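Colleague: Provided below: structure.txt, containing compact mmCIF, C-alpha atoms.
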```txt
# COMPACT_ATOMS: atom_id res chain seq x y z
CA SER A 1 -24.69 -81.10 99.25
CA ARG A 2 -25.45 -84.69 100.30
CA ALA A 3 -24.83 -83.83 103.95
CA ASN A 4 -27.14 -80.83 103.61
CA TYR A 5 -29.82 -83.11 102.20
CA LEU A 6 -29.44 -85.59 105.06
CA ALA A 7 -29.59 -82.83 107.68
CA GLN A 8 -33.13 -81.82 106.71
CA ASP A 9 -34.58 -84.54 108.94
CA ARG A 10 -31.56 -85.66 110.98
CA VAL A 11 -31.44 -83.54 114.09
CA ASP A 12 -28.22 -85.19 115.26
CA ILE A 13 -26.13 -83.65 112.45
CA GLN A 14 -27.95 -80.37 111.72
CA TYR A 15 -25.53 -78.15 113.60
CA ALA A 16 -22.43 -79.84 112.20
CA VAL A 17 -23.73 -79.62 108.64
CA LYS A 18 -24.74 -75.99 109.12
CA GLU A 19 -21.20 -75.13 110.14
CA LEU A 20 -19.74 -77.04 107.18
CA THR A 21 -22.00 -75.36 104.62
CA ARG A 22 -21.01 -71.91 105.91
CA ARG A 23 -17.46 -72.64 104.72
CA MET A 24 -18.34 -74.41 101.47
CA SER A 25 -17.28 -71.51 99.22
CA THR A 26 -13.75 -71.27 100.65
CA PRO A 27 -12.94 -74.55 102.45
CA ASP A 28 -9.59 -75.13 104.13
CA SER A 29 -7.81 -78.06 105.79
CA GLU A 30 -9.80 -77.64 109.02
CA ASP A 31 -13.07 -77.96 107.11
CA TRP A 32 -11.81 -81.14 105.44
CA VAL A 33 -11.04 -82.61 108.87
CA ALA A 34 -14.54 -81.64 110.08
CA LEU A 35 -16.14 -83.23 107.01
CA LYS A 36 -14.25 -86.49 107.56
CA ARG A 37 -15.34 -86.48 111.19
CA LEU A 38 -18.96 -86.12 110.10
CA GLY A 39 -18.45 -89.01 107.69
CA ARG A 40 -17.11 -91.24 110.47
CA PHE A 41 -20.13 -90.35 112.62
CA LEU A 42 -22.51 -91.31 109.80
CA VAL A 43 -20.72 -94.61 109.28
CA GLY A 44 -21.45 -95.41 112.91
CA LYS A 45 -25.05 -94.14 112.71
CA PRO A 46 -26.19 -94.49 109.08
CA ARG A 47 -29.93 -94.25 109.82
CA VAL A 48 -32.28 -92.29 112.05
CA VAL A 49 -35.98 -93.16 111.99
CA LEU A 50 -38.67 -90.58 112.78
CA LYS A 51 -41.81 -92.38 113.93
CA TYR A 52 -45.25 -90.82 113.58
CA ASN A 53 -47.51 -93.15 115.52
CA ASN A 54 -51.27 -92.61 115.70
CA GLN A 55 -52.24 -90.10 118.35
CA SER A 56 -55.31 -88.13 119.32
CA ILE A 57 -55.83 -84.44 118.51
CA GLN A 58 -53.46 -82.46 120.72
CA ARG A 59 -54.18 -79.21 122.52
CA TYR A 60 -50.69 -77.75 122.17
CA ILE A 61 -47.89 -77.28 119.69
CA ASP A 62 -44.61 -76.98 121.59
CA CYS A 63 -41.57 -75.06 120.40
CA TRP A 64 -38.17 -75.55 122.01
CA VAL A 65 -35.51 -72.88 121.41
CA ASP A 66 -31.90 -72.42 122.47
CA THR A 67 -28.93 -70.28 121.46
CA ASP A 68 -25.15 -70.49 121.63
CA TRP A 69 -23.88 -66.94 122.11
CA ALA A 70 -20.88 -65.93 119.95
CA GLY A 71 -20.12 -69.58 119.30
CA CYS A 72 -18.37 -68.97 115.97
CA GLN A 73 -14.68 -68.28 116.68
CA ARG A 74 -14.21 -66.58 113.31
CA THR A 75 -17.18 -64.19 113.16
CA ARG A 76 -18.44 -64.25 116.80
CA ARG A 77 -21.94 -64.84 115.49
CA SER A 78 -24.42 -66.85 117.52
CA THR A 79 -26.40 -69.93 116.55
CA SER A 80 -30.15 -70.33 116.99
CA GLY A 81 -31.52 -73.84 117.30
CA GLY A 82 -34.99 -75.16 117.88
CA GLY A 83 -37.77 -77.48 116.93
CA LEU A 84 -41.53 -77.94 116.94
CA GLN A 85 -43.46 -80.87 118.35
CA TYR A 86 -47.09 -81.81 118.07
CA GLY A 87 -47.69 -84.37 120.76
CA THR A 88 -45.06 -87.03 120.10
CA HIS A 89 -44.50 -85.92 116.49
CA THR A 90 -41.48 -83.87 115.47
CA VAL A 91 -42.80 -81.32 112.98
CA LYS A 92 -39.75 -79.18 112.23
CA THR A 93 -36.22 -78.52 113.49
CA TRP A 94 -33.62 -75.90 112.58
CA SER A 95 -30.07 -74.73 113.22
CA THR A 96 -29.20 -71.29 111.84
CA THR A 97 -26.47 -68.69 112.25
CA GLN A 98 -27.84 -65.37 113.47
CA ALA A 99 -27.45 -62.50 111.01
CA ILE A 100 -26.85 -59.96 113.81
CA ILE A 101 -23.80 -60.06 116.08
CA SER A 102 -25.26 -60.12 119.58
CA LEU A 103 -23.63 -58.04 122.31
CA SER A 104 -24.85 -60.26 125.15
CA SER A 105 -26.19 -63.73 125.79
CA ALA A 106 -29.59 -62.26 126.69
CA GLU A 107 -29.79 -60.53 123.30
CA SER A 108 -28.70 -63.69 121.51
CA GLU A 109 -31.28 -65.80 123.35
CA TYR A 110 -34.00 -63.26 122.53
CA TYR A 111 -33.17 -63.44 118.82
CA GLY A 112 -33.46 -67.22 119.09
CA LEU A 113 -36.85 -66.75 120.73
CA VAL A 114 -37.98 -64.51 117.87
CA LYS A 115 -36.96 -67.21 115.37
CA GLY A 116 -38.91 -69.82 117.31
CA ALA A 117 -41.98 -67.59 117.59
CA CYS A 118 -42.00 -67.09 113.81
CA GLN A 119 -41.91 -70.83 113.20
CA LEU A 120 -44.52 -71.57 115.87
CA LEU A 121 -47.07 -68.99 114.75
CA GLY A 122 -46.69 -70.16 111.16
CA ILE A 123 -47.51 -73.76 112.12
CA VAL A 124 -50.43 -72.65 114.33
CA ALA A 125 -51.85 -70.71 111.35
CA LEU A 126 -51.39 -73.75 109.10
CA PHE A 127 -53.30 -75.94 111.57
CA LYS A 128 -56.07 -73.34 111.65
CA ASP A 129 -56.37 -73.57 107.85
CA PHE A 130 -57.09 -77.29 108.34
CA GLY A 131 -59.73 -76.51 110.95
CA ILE A 132 -57.60 -77.59 113.93
CA SER A 133 -57.34 -75.18 116.86
CA VAL A 134 -54.13 -75.48 118.89
CA GLN A 135 -52.32 -73.30 121.41
CA GLY A 136 -48.63 -72.58 120.97
CA ARG A 137 -46.06 -72.91 123.74
CA ILE A 138 -42.41 -71.87 123.63
CA HIS A 139 -39.92 -73.48 126.01
CA ILE A 140 -36.74 -71.50 126.70
CA ASP A 141 -33.93 -71.91 129.24
CA SER A 142 -32.93 -68.22 129.36
CA SER A 143 -34.52 -66.16 132.13
CA ALA A 144 -33.11 -62.95 130.60
CA ALA A 145 -34.69 -63.54 127.18
CA LYS A 146 -37.95 -64.50 128.84
CA GLY A 147 -37.81 -61.22 130.76
CA ILE A 148 -37.26 -59.17 127.59
CA ALA A 149 -40.22 -60.84 125.90
CA SER A 150 -42.49 -60.47 128.93
CA ARG A 151 -42.09 -56.71 129.37
CA THR A 152 -43.06 -53.75 127.18
CA GLY A 153 -40.39 -51.88 125.26
CA LEU A 154 -36.61 -52.16 125.12
CA GLY A 155 -35.73 -51.56 128.75
CA LYS A 156 -31.94 -51.55 129.18
CA VAL A 157 -31.26 -53.34 125.87
CA ARG A 158 -31.89 -50.28 123.71
CA HIS A 159 -29.72 -51.52 120.83
CA ILE A 160 -32.16 -54.33 119.96
CA ALA A 161 -33.96 -53.56 116.69
CA VAL A 162 -37.47 -52.25 117.39
CA HIS A 163 -39.01 -54.41 114.66
CA LEU A 164 -38.17 -57.49 116.75
CA LEU A 165 -40.39 -56.41 119.66
CA TRP A 166 -43.57 -57.79 118.07
CA VAL A 167 -43.02 -60.90 120.21
CA GLN A 168 -43.90 -58.83 123.28
CA GLU A 169 -47.26 -57.86 121.78
CA ARG A 170 -48.03 -61.43 120.68
CA LEU A 171 -47.25 -62.67 124.17
CA ARG A 172 -49.52 -60.05 125.75
CA ASN A 173 -52.28 -61.08 123.34
CA LYS A 174 -51.77 -64.69 124.52
CA ASP A 175 -51.05 -65.92 121.01
CA PHE A 176 -48.61 -68.32 122.68
CA GLU A 177 -47.28 -69.17 126.13
CA LEU A 178 -43.67 -68.72 127.20
CA LEU A 179 -42.35 -71.34 129.62
CA LYS A 180 -39.00 -71.71 131.40
CA VAL A 181 -37.14 -75.02 131.14
CA LYS A 182 -33.86 -76.20 132.65
CA GLY A 183 -30.89 -75.89 130.32
CA THR A 184 -29.97 -79.55 130.78
CA GLU A 185 -33.50 -80.57 129.77
CA ASN A 186 -33.74 -78.42 126.64
CA PRO A 187 -33.47 -80.67 123.56
CA ALA A 188 -32.87 -77.63 121.33
CA ASP A 189 -29.32 -77.57 122.73
CA LEU A 190 -28.57 -80.27 120.17
CA MET A 191 -28.88 -77.76 117.31
CA THR A 192 -26.69 -75.00 118.77
CA LYS A 193 -23.27 -76.49 119.53
CA PHE A 194 -21.08 -79.58 119.48
CA LEU A 195 -22.00 -81.86 122.38
CA SER A 196 -20.53 -84.91 124.02
CA ARG A 197 -21.59 -88.26 122.58
CA GLU A 198 -23.79 -88.90 125.63
CA ASP A 199 -25.64 -85.57 125.40
CA ASN A 200 -25.95 -85.90 121.62
CA ASP A 201 -27.57 -89.33 121.94
CA ARG A 202 -29.82 -88.20 124.80
CA HIS A 203 -31.20 -85.16 122.97
CA THR A 204 -31.53 -87.06 119.68
CA ALA A 205 -33.60 -89.73 121.43
CA THR A 206 -35.80 -86.97 122.85
CA TRP A 207 -36.58 -85.61 119.39
CA LEU A 208 -37.28 -89.09 118.02
CA SER A 209 -39.75 -89.93 120.79
CA LEU A 210 -40.78 -86.56 122.14
CA ILE A 211 -42.51 -86.60 125.49
CA HIS A 212 -45.49 -84.26 125.64
CA ILE A 213 -45.30 -81.95 128.67
```
Mind turning this structure into structure tokens?
Modeller:
Amino acid sequence: SRANYLAQDRVDIQYAVKELTRRMSTPDSEDWVALKRLGRFLVGKPRVVLKYNNQSIQRYIDCWVDTDWAGCQRTRRSTSGGGLQYGTHTVKTWSTTQAIISLSSAESEYYGLVKGACQLLGIVALFKDFGISVQGRIHIDSSAAKGIASRTGLGKVRHIAVHLLWVQERLRNKDFELLKVKGTENPADLMTKFLSREDNDRHTATWLSLIHI
């Protein structure tokens, strides 16, 4: 429970804690090893500081999304990760296991896009309540998921639930923009899988001092 509390605003451990909490009801020796590994990481990095420096009113709210297809070896479920930035301010981040077992990476990435769109539109509506008009932008590294969202209807992926196609309509209505980003430059990768120490530090630093694009 303490790790879950820490992970609310520590992007560097969100994925690891998410995986640990999934096994909390029936832990085994492997989970105990993973928990000790997390503890050793926190001993080395006990604090992470999110800075919210003064900045002018921004035109955009940016959402970064990524997915690890069938990353769970036990259930073959995928992980959706992402975060929201307003200028240089990190507003929200998440790492969640997808409820649906995806049959392809394109489908998995699209579900991650739907998750990000929900979070983005909610924040845009909240800003509107405060009298601040902003445009939403979603950054994704999957060309296939971008293609699904940019067309009308299911196309060849007929098994995708129809109720998830509202993203296509929102995109046509220009409620947000959908932009392609290189996979190596997508900071949402941090919340989808275990990374090397170098990549973990690089993406963590990005979230702590986000560069507005």
Colleague: In terms of the shortest atom-to-atom distance over all atoms listed in the file, which of A:Gly183, A:Cys72, A:Leu190, A:Cys118 is closest to A:Trp166?
Modeller: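 Using all atoms listed in the file, the shortest distance to A:Trp166 belongs to A:Cys118.
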Colleague: Around (-20.0, -74.7, 120.9), as given in the file, which residues come within 8 Å? Count all atoms listed in the file and list them as a ChimeraX atom specification.
Modeller: /A:68,71-72,192-195
Colleague: Would you mind telling me which residue in A:Arg22, A:Asp31, A:His89, A:Val124 lies nearest to A:Arg77 when using only C-alpha atoms?
Modeller: A:Arg22
Colleague: Excluding same-chain residues fewer than 6 positions from A:Phe176, what lies within 7 Å of it counting all atoms listed in the file, as JSON, numbers by chain?
Modeller: {"A": [135, 136, 137]}
Colleague: Got time to write the residues from that selection, C-alpha atoms, as a short mmCIF file (atom, residue, chain, number, x, y, z; two decimals), in the coordinates of the input?
Modeller:
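Everything below was put into out26.cif:
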```
data_model
loop_
_atom_site.label_atom_id
_atom_site.label_comp_id
_atom_site.auth_asym_id
_atom_site.auth_seq_id
_atom_site.Cartn_x
_atom_site.Cartn_y
_atom_site.Cartn_z
CA GLN A 135 -52.32 -73.30 121.41
CA GLY A 136 -48.63 -72.58 120.97
CA ARG A 137 -46.06 -72.91 123.74
#
```
Colleague: Please identify all polymer residues within 10 Å of stretch 6-19 of chain A, counting all atoms listed in the file, omitting same-chain residues fewer than 5 positions from it, and present them as a PyMOL selection string.
Modeller: chain A and resi 1+24+31+34-35+37-38+41-42+45+47-50+72+79-83+90-97+188-194+200-201+203-205+207-208
Colleague: Around (-27.9, -61.6, 117.6) in the file's own coordinates, what residues are found within 10 Å if you use only C-alpha atoms, given back as a compact mmCIF listing (two decimals) with C-alpha atoms, in the frame of the given file?
Modeller:
```
# COMPACT_ATOMS: atom_id res chain seq x y z
CA THR A 67 -28.93 -70.28 121.46
CA TRP A 69 -23.88 -66.94 122.11
CA ALA A 70 -20.88 -65.93 119.95
CA ARG A 76 -18.44 -64.25 116.80
CA ARG A 77 -21.94 -64.84 115.49
CA SER A 78 -24.42 -66.85 117.52
CA THR A 79 -26.40 -69.93 116.55
CA SER A 80 -30.15 -70.33 116.99
CA THR A 97 -26.47 -68.69 112.25
CA GLN A 98 -27.84 -65.37 113.47
CA ALA A 99 -27.45 -62.50 111.01
CA ILE A 100 -26.85 -59.96 113.81
CA ILE A 101 -23.80 -60.06 116.08
CA SER A 102 -25.26 -60.12 119.58
CA LEU A 103 -23.63 -58.04 122.31
CA SER A 104 -24.85 -60.26 125.15
CA SER A 105 -26.19 -63.73 125.79
CA ALA A 106 -29.59 -62.26 126.69
CA GLU A 107 -29.79 -60.53 123.30
CA SER A 108 -28.70 -63.69 121.51
CA GLU A 109 -31.28 -65.80 123.35
CA TYR A 110 -34.00 -63.26 122.53
CA TYR A 111 -33.17 -63.44 118.82
CA GLY A 112 -33.46 -67.22 119.09
CA ILE A 160 -32.16 -54.33 119.96
```
Colleague: If you measure from atom CA of A:Val134 to atom CA of A:Arg172, what distance in Å do you get, rounded to one decimal?
Modeller: 17.5 Å
Colleague: So that I can see what lies close to A:Gln168, please list as JSON, numbers by chain the residues with an atom at most 6 Å from it, counting all atoms listed in the file and leaving out residues fewer than 3 positions away in the same chain.
Modeller: {"A": [149, 165, 171]}
Colleague: Can you measure atom CA of A:Ile140 to atom CA of A:Lys182 for me? One decimal in Å is fine.
Modeller: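 Between atom CA of A:Ile140 and atom CA of A:Lys182 the gap works out to 8.1 Å.
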Colleague: Please, what distance in Å, to one decimal, runs between atom CA of A:Pro187 and atom CA of A:His139?
Modeller: 10.0 Å
Colleague: Taking into account only C-alpha atoms, which residue in the set A:Leu84, A:Leu126, A:Ala145, A:Leu164 is nearest to A:Trp64?
Modeller: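 Looking at the shortest contact to A:Trp64, the residue is A:Leu84.
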Colleague: Please, what is the axis-aligned box for every listed atom of stretch 139-144 of chain A with 8 Å on each side, as centre and edge lengths in Å to one decimal, as lines of an AutoDock Vina configuration file?
Modeller:
```
center_x = -36.4
center_y = -68.2
center_z = 129.1
size_x = 23.0
size_y = 26.5
size_z = 22.1
```
